[in-house]
Amino acid sequence: MTTTDNADQVVVRLDGVRKEFGESIALDGVSLEIRAGEAVAVMGPSGSGKSTLLNMVAGLDRPTSGRVVVHGEDLEGLGEKELALFRRRRIGMIFQFFNLLDDLPALDNVALAAQLTGTPAKAARKRALELLGELGIADRKDIYPAALSGGERQRVAVARALMNRPALLLADEPTGALDSRSGDQVMDLLIDLNTIGQTLLMVTHDERLAMRCASRVIEFADGRMDSERTLERHV
Ligand code: ADP
Ligand code: MG
């Protein structure tokens, strides 16, 4: 899958990031650095700014003020097209409700991610099949999302996120819609990916999962980083 050699490399840097939505302040001056190979879990109450943080890092939305640098790229300097390209090439994203395309079978959902960055269809499908195999769902390649279980859908989403060997994997409550057994399987997958070097930034409500998966846990409250813990991982 993916490996990262340069362990000292800063993959994410936020400097005083503030995000307002009208009157409401979603992020209130967040500064944060994530290095290659880290697995960072963000926790905190609903509405505390966790998803907004991930959206800033993914370049899905822009801060009101402050700076976001990802993989050496200052996102403020990128136009919309460049930002979309940056996202496709450098970022993998996993969401609570999978966000798969309903009218494409599993394999095409995964392959499309590479085709959108210019990889020819045949090569994209080959890599997609390899990834589905590594994630243990190659036999589900022709199945449409509606007929997959929640755990299978999320594994397809993980495969899609890994297609372009992203510098950073973002996950917003990736186990939030899964029963505990499938949730554990997806979490094991994320742990394995991090073990072979994949940098990971995830939001979760589940303390137990955070403790298993993360090397660092950040608590959010009211758009601010409230506290931070470095963990010895128990895997
Ligand atoms: P969390 O993921 O921690 O639950 P969010 O980042 O989704 O929190 O939201 C933080 C705050 O910003 C909330 O008050 C939310 O209502 C507000 N917010 C988030 N996205 C938007 C948006 N697109 N438009 C208006 N308000 C938003
Ligand atoms: Mg959220």
# chains A, B, ... in the order shown; residues from 1 in each chain; ligands from 1

call {"tool": "select_by_dssp", "arguments": {"residues": "stretch 9-232 of chain A", "states": "strand (DSSP E or B)", "output": "number ranges by chain"}}
result
A: 10-21, 24-35, 39-43, 65-70, 73-74, 91-95, 168-172, 199-203, 216-221, 224-230

call {"tool": "residues_around", "arguments": {"residues": "stretch 123-128 of chain A", "least_positions_apart": "5", "cutoff": "7 Å", "atoms": "only C-alpha atoms", "output": "JSON, numbers by chain"}}
result
{"A": [107, 110, 111, 114, 115, 163]}

call {"tool": "closest_residue", "arguments": {"among": "A:Phe220, A:Ala26, A:Asp108, A:Leu168", "to": "A:Lys122", "atoms": "only C-alpha atoms"}}
result
A:Asp108

call {"tool": "residues_around", "arguments": {"residues": "A:Asp15", "least_positions_apart": "5", "cutoff": "8 Å", "atoms": "only C-alpha atoms", "output": "PyMOL selection string"}}
result
chain A and resi 29-32+66-68

call {"tool": "atom_distance", "arguments": {"atom1": "atom CA of A:Leu85", "atom2": "atom CA of A:Ser51"}}
result
20.9 Å

call {"tool": "residues_around", "arguments": {"residues": "A:Arg212", "least_positions_apart": "6", "cutoff": "12 Å", "atoms": "only C-alpha atoms", "output": "ChimeraX atom specification"}}
result
/A:39-41,184,187-192,194,204,206,231-235

call {"tool": "closest_atom_pairs", "arguments": {"of": "chain A", "to": "ligand 1", "cutoff": "12 Å", "atoms": "only C-alpha atoms and all ligand atoms", "output": "tab-separated table"}}
result
residue	atom	partner	partner_atom_place_in_ligand_line	distance
A:Arg18	CA	ligand 1	12 (O)	11.0
A:Lys19	CA	ligand 1	12 (O)	8.2
A:Glu20	CA	ligand 1	12 (O)	7.5
A:Phe21	CA	ligand 1	25 (C)	4.8
A:Gly22	CA	ligand 1	25 (C)	7.2
A:Glu23	CA	ligand 1	26 (N)	8.9
A:Ser24	CA	ligand 1	14 (O)	6.2
A:Ile25	CA	ligand 1	12 (O)	6.3
A:Ala26	CA	ligand 1	12 (O)	3.9
A:Leu27	CA	ligand 1	10 (C)	7.2
A:Asp28	CA	ligand 1	10 (C)	10.3
A:Val42	CA	ligand 1	3 (O)	9.0
A:Met43	CA	ligand 1	3 (O)	7.9
A:Gly44	CA	ligand 1	3 (O)	6.5
A:Pro45	CA	ligand 1	3 (O)	6.0
A:Ser46	CA	ligand 1	4 (O)	3.6
A:Gly47	CA	ligand 1	8 (O)	3.4
A:Ser48	CA	ligand 1	3 (O)	3.9
A:Gly49	CA	ligand 1	6 (O)	3.2
A:Lys50	CA	ligand 1	3 (O)	3.8
A:Ser51	CA	ligand 1	2 (O)	3.7
A:Thr52	CA	ligand 1	6 (O)	3.7
A:Leu53	CA	ligand 1	6 (O)	6.5
A:Leu54	CA	ligand 1	6 (O)	8.1
A:Asn55	CA	ligand 1	6 (O)	8.3
A:Met56	CA	ligand 1	6 (O)	9.9
A:Leu60	CA	ligand 1	23 (N)	10.7
A:Asp61	CA	ligand 1	23 (N)	8.9
A:Arg62	CA	ligand 1	23 (N)	11.2
A:Pro63	CA	ligand 1	20 (N)	11.8
A:Phe95	CA	ligand 1	2 (O)	11.4
A:Gln96	CA	ligand 1	2 (O)	11.2
A:Ala171	CA	ligand 1	2 (O)	11.5
A:Asp172	CA	ligand 1	2 (O)	8.1
A:Glu173	CA	ligand 1	2 (O)	9.0
A:Met202	CA	ligand 1	2 (O)	11.1
A:Val203	CA	ligand 1	2 (O)	8.0
A:Thr204	CA	ligand 1	2 (O)	9.5
A:His205	CA	ligand 1	3 (O)	9.7
A:Glu219	CA	ligand 1	3 (O)	10.2
A:Phe220	CA	ligand 1	3 (O)	7.6
A:Ala221	CA	ligand 1	3 (O)	8.2
A:Asp222	CA	ligand 1	10 (C)	7.9
A:Gly223	CA	ligand 1	10 (C)	6.9
A:Arg224	CA	ligand 1	3 (O)	10.4
A:Met225	CA	ligand 1	3 (O)	11.4

call {"tool": "residues_around", "arguments": {"residues": "stretch 70-72 of chain A", "least_positions_apart": "3", "cutoff": "8 Å", "atoms": "only C-alpha atoms", "output": "JSON, numbers by chain"}}
result
{"A": [10, 11, 12, 13, 57, 75, 90, 167]}

call {"tool": "residues_around", "arguments": {"residues": "stretch 140-144 of chain A", "least_positions_apart": "2", "cutoff": "10 Å", "atoms": "only C-alpha atoms", "output": "PyMOL selection string"}}
result
chain A and resi 100-110+128-129+132-133+136-138+146-148+152-153+156

call {"tool": "write_last_selection", "arguments": {"atoms": "C-alpha atoms", "output": "mmCIF file, in the first residue's frame"}}
result
data_model
loop_
_atom_site.group_PDB
_atom_site.id
_atom_site.type_symbol
_atom_site.label_atom_id
_atom_site.label_comp_id
_atom_site.auth_asym_id
_atom_site.auth_seq_id
_atom_site.Cartn_x
_atom_site.Cartn_y
_atom_site.Cartn_z
ATOM 1 C CA LEU A 100 -19.661 6.136 -2.491
ATOM 2 C CA LEU A 101 -21.282 6.590 -5.879
ATOM 3 C CA ASP A 102 -24.418 4.425 -5.864
ATOM 4 C CA ASP A 103 -24.488 3.785 -9.593
ATOM 5 C CA LEU A 104 -20.966 2.348 -9.794
ATOM 6 C CA PRO A 105 -19.860 -1.084 -8.568
ATOM 7 C CA ALA A 106 -17.156 -1.288 -5.893
ATOM 8 C CA LEU A 107 -14.246 -1.597 -8.325
ATOM 9 C CA ASP A 108 -15.251 1.472 -10.340
ATOM 10 C CA ASN A 109 -15.830 3.527 -7.199
ATOM 11 C CA VAL A 110 -12.199 2.848 -6.313
ATOM 12 C CA ALA A 128 -8.141 -0.818 -7.580
ATOM 13 C CA LEU A 129 -8.403 -4.600 -7.715
ATOM 14 C CA LEU A 132 -9.636 -4.411 -2.788
ATOM 15 C CA GLY A 133 -7.636 -7.625 -2.451
ATOM 16 C CA GLY A 136 -10.059 -8.444 1.828
ATOM 17 C CA ILE A 137 -12.999 -7.582 -0.433
ATOM 18 C CA ALA A 138 -11.781 -8.454 -3.945
ATOM 19 C CA ALA A 146 -26.498 -0.707 -1.914
ATOM 20 C CA ALA A 147 -25.815 -4.458 -1.741
ATOM 21 C CA LEU A 148 -22.661 -4.168 0.387
ATOM 22 C CA GLU A 152 -17.662 -3.508 3.176
ATOM 23 C CA ARG A 153 -18.713 -0.048 2.029
ATOM 24 C CA VAL A 156 -14.303 0.260 -0.453
#
